[in-house]
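Here's the structure, in structure tokens; my notes come after.
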Amino acid sequence: MKCFLLIDGGYLRATARAHSTFEYNPDFIEQFAKGCILADEYLVRTYYYDSPQFRGTVKLPVSGDNTSFSANDAWLEDVSRREKFAVRRGTLGFRGWKPKRVPISGRDLKDSDFSPIFEQKGVDMRIGLDIALISAKKSVDRIILVSGDTDMIPAMKEARKAGIEVAIVQLPEPVYRVHKTLLSHSDYLRDVEWPPTIPATIPATIPAT
């Protein structure tokens, strides 16, 4: 049975972060992807969706001083070179600051009391467009989706109308529980090995965004 695997990187990374002993790097992503495929399935390709980290200069929330964000996106290039992988890139925007603790009144505030807010754009749209394109071409029998976003439902409906099965991957609880509306528009709920078995390698730092 031919299949495509579609992975929302932000969704997967949030789970890896919640389990602090895991390193989120290309090896982790590749091994996780392998664990999503059953023995009777032929993987055509894995689409991995994520955003390059934010780069730019912004004002700090208390002092008003400038601070700069820089990042190395070589890890995304690494993912794109893995066997049967394709990377779809969204964008990441800075959306201000949030307090690390609440309430925040009654004490002198410092810049270090706040964390930056980043918003990912374009990833959900790209996942939906790829599902629609796969459905139109009827190029596979099954789509395996790693996402918790209910915005995927219209695309999932189109896939099923085209006769393509949709499987939703369940990431480990209690981090995420697949939303019941996603289950209503899929054919299977698939459990995967967690953590994935990762070959010995030099660990990379989990991307900050």
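For the structure tokens, the naming scheme is as follows: chains receive sequential letters (A, B, ...) according to their order of presentation, residues are indexed from 1 within each chain, and ligands are indexed from 1 in presentation order.
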Could you list, with a cut-off of 10 Å and counting only C-alpha atoms, the residues of range 110-136 of chain A near range 141-153 of chain A, each shown with its nearest atom pair and the distance in Å rounded to one decimal, rows sorted by chain and ascending number, as a Markdown table?
```
| residue | atom | partner | partner_atom | distance |
| --- | --- | --- | --- | --- |
| A:Asp124 | CA | A:Asp151 | CA | 7.2 |
| A:Met125 | CA | A:Met152 | CA | 8.7 |
| A:Ile127 | CA | A:Met152 | CA | 7.7 |
| A:Gly128 | CA | A:Met152 | CA | 6.1 |
| A:Leu129 | CA | A:Met152 | CA | 9.8 |
| A:Ile131 | CA | A:Ile143 | CA | 8.0 |
| A:Ile134 | CA | A:Ile143 | CA | 8.7 |
| A:Ser135 | CA | A:Ile143 | CA | 9.3 |
```
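Among the residues of range 83-140 of chain A, backbone DSSP assigns strand (DSSP E or B) to Phe85, Ala86, Val87, Arg88, Arg89, Thr91, Leu92, Gly93, Phe94, Arg95, Gly96, Trp97, Lys98, Pro99, Phe114, Ser115, Pro116, Ile117, Phe118, Glu119, Gln120 and Lys121 of chain A.
Relative to CA of Thr91 in chain A, CA of Met156 in chain A is found at 23.3 Å.
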DSSP-assigned alpha helix (DSSP H) among range 7-145 of chain A, expressed as an MDAnalysis selection string: chainID A and resid 9:18 26:35 74:80 123:137
Fewer than 3 positions away in the same chain doesn't count, so skip those; otherwise give me all residues within 12 Å of Ile164 in chain A, counting only C-alpha atoms, as a ChimeraX atom specification. /A:1-4,131-144,155-161,167,185-188
So that I can see what lies close to range 189-192 of chain A, please list as a PyMOL selection string the residues with an atom at most 12 Å from it, counting only C-alpha atoms and leaving out residues fewer than 5 positions away in the same chain. chain A and resi 31-38+143-147+165-173+177-180+182-184+197
Which one of A:Asn72, A:Asn66, A:Thr181, A:Thr46 sits closest to Pro154 in chain A if you count only C-alpha atoms? A:Thr181
Neighbours of His19 in chain A within 10 Å (only C-alpha atoms; same-chain residues fewer than 4 positions away dropped), as an mmCIF file with N, CA, C and O atoms, in the first residue's frame?
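Final file, result_38.cif:
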```
data_model
loop_
_atom_site.group_PDB
_atom_site.id
_atom_site.type_symbol
_atom_site.label_atom_id
_atom_site.label_comp_id
_atom_site.auth_asym_id
_atom_site.auth_seq_id
_atom_site.Cartn_x
_atom_site.Cartn_y
_atom_site.Cartn_z
ATOM 1 N N ARG A 13 7.889 18.801 17.509
ATOM 2 C CA ARG A 13 8.926 19.394 18.365
ATOM 3 C C ARG A 13 8.383 19.705 19.759
ATOM 4 O O ARG A 13 9.086 19.530 20.761
ATOM 5 N N ALA A 14 7.141 20.191 19.851
ATOM 6 C CA ALA A 14 6.555 20.504 21.152
ATOM 7 C C ALA A 14 6.488 19.259 22.032
ATOM 8 O O ALA A 14 6.707 19.331 23.246
ATOM 9 N N THR A 15 6.212 18.110 21.426
ATOM 10 C CA THR A 15 6.188 16.868 22.190
ATOM 11 C C THR A 15 7.584 16.489 22.654
ATOM 12 O O THR A 15 7.785 16.077 23.805
ATOM 13 N N GLU A 23 16.552 14.677 22.361
ATOM 14 C CA GLU A 23 17.142 15.715 21.528
ATOM 15 C C GLU A 23 16.380 15.765 20.212
ATOM 16 O O GLU A 23 16.203 14.740 19.551
ATOM 17 N N PRO A 172 2.563 10.777 22.236
ATOM 18 C CA PRO A 172 2.387 10.273 23.606
ATOM 19 C C PRO A 172 1.608 11.228 24.501
ATOM 20 O O PRO A 172 1.812 12.432 24.472
ATOM 21 N N VAL A 175 0.929 14.709 26.738
ATOM 22 C CA VAL A 175 1.303 15.915 26.017
ATOM 23 C C VAL A 175 0.195 16.343 25.066
ATOM 24 O O VAL A 175 -0.282 17.474 25.093
ATOM 25 N N PRO A 195 10.110 6.925 23.018
ATOM 26 C CA PRO A 195 10.798 7.687 21.972
ATOM 27 C C PRO A 195 11.259 6.794 20.844
ATOM 28 O O PRO A 195 11.447 5.588 21.053
#
```
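Across the structure, CA of Glu41 in chain A and CA of Asp130 in chain A are spaced 19.6 Å apart.
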Grab the CA of Tyr47 in chain A to CA of Trp194 in chain A distance for me, in Å with one decimal place. 20.1 Å
Find, counting only C-alpha atoms, the residue in A:Glu83, A:Phe94, A:Leu43, A:Asn25 that gets nearest to Thr57 in chain A. A:Phe94
Can you pull out the residues contacting Leu60 in chain A? Cut-off 10 Å, using only C-alpha atoms, and skip same-chain residues under 5 positions away; I want them as a PyMOL selection string. chain A and resi 65-68+96-97+110-112+114-116
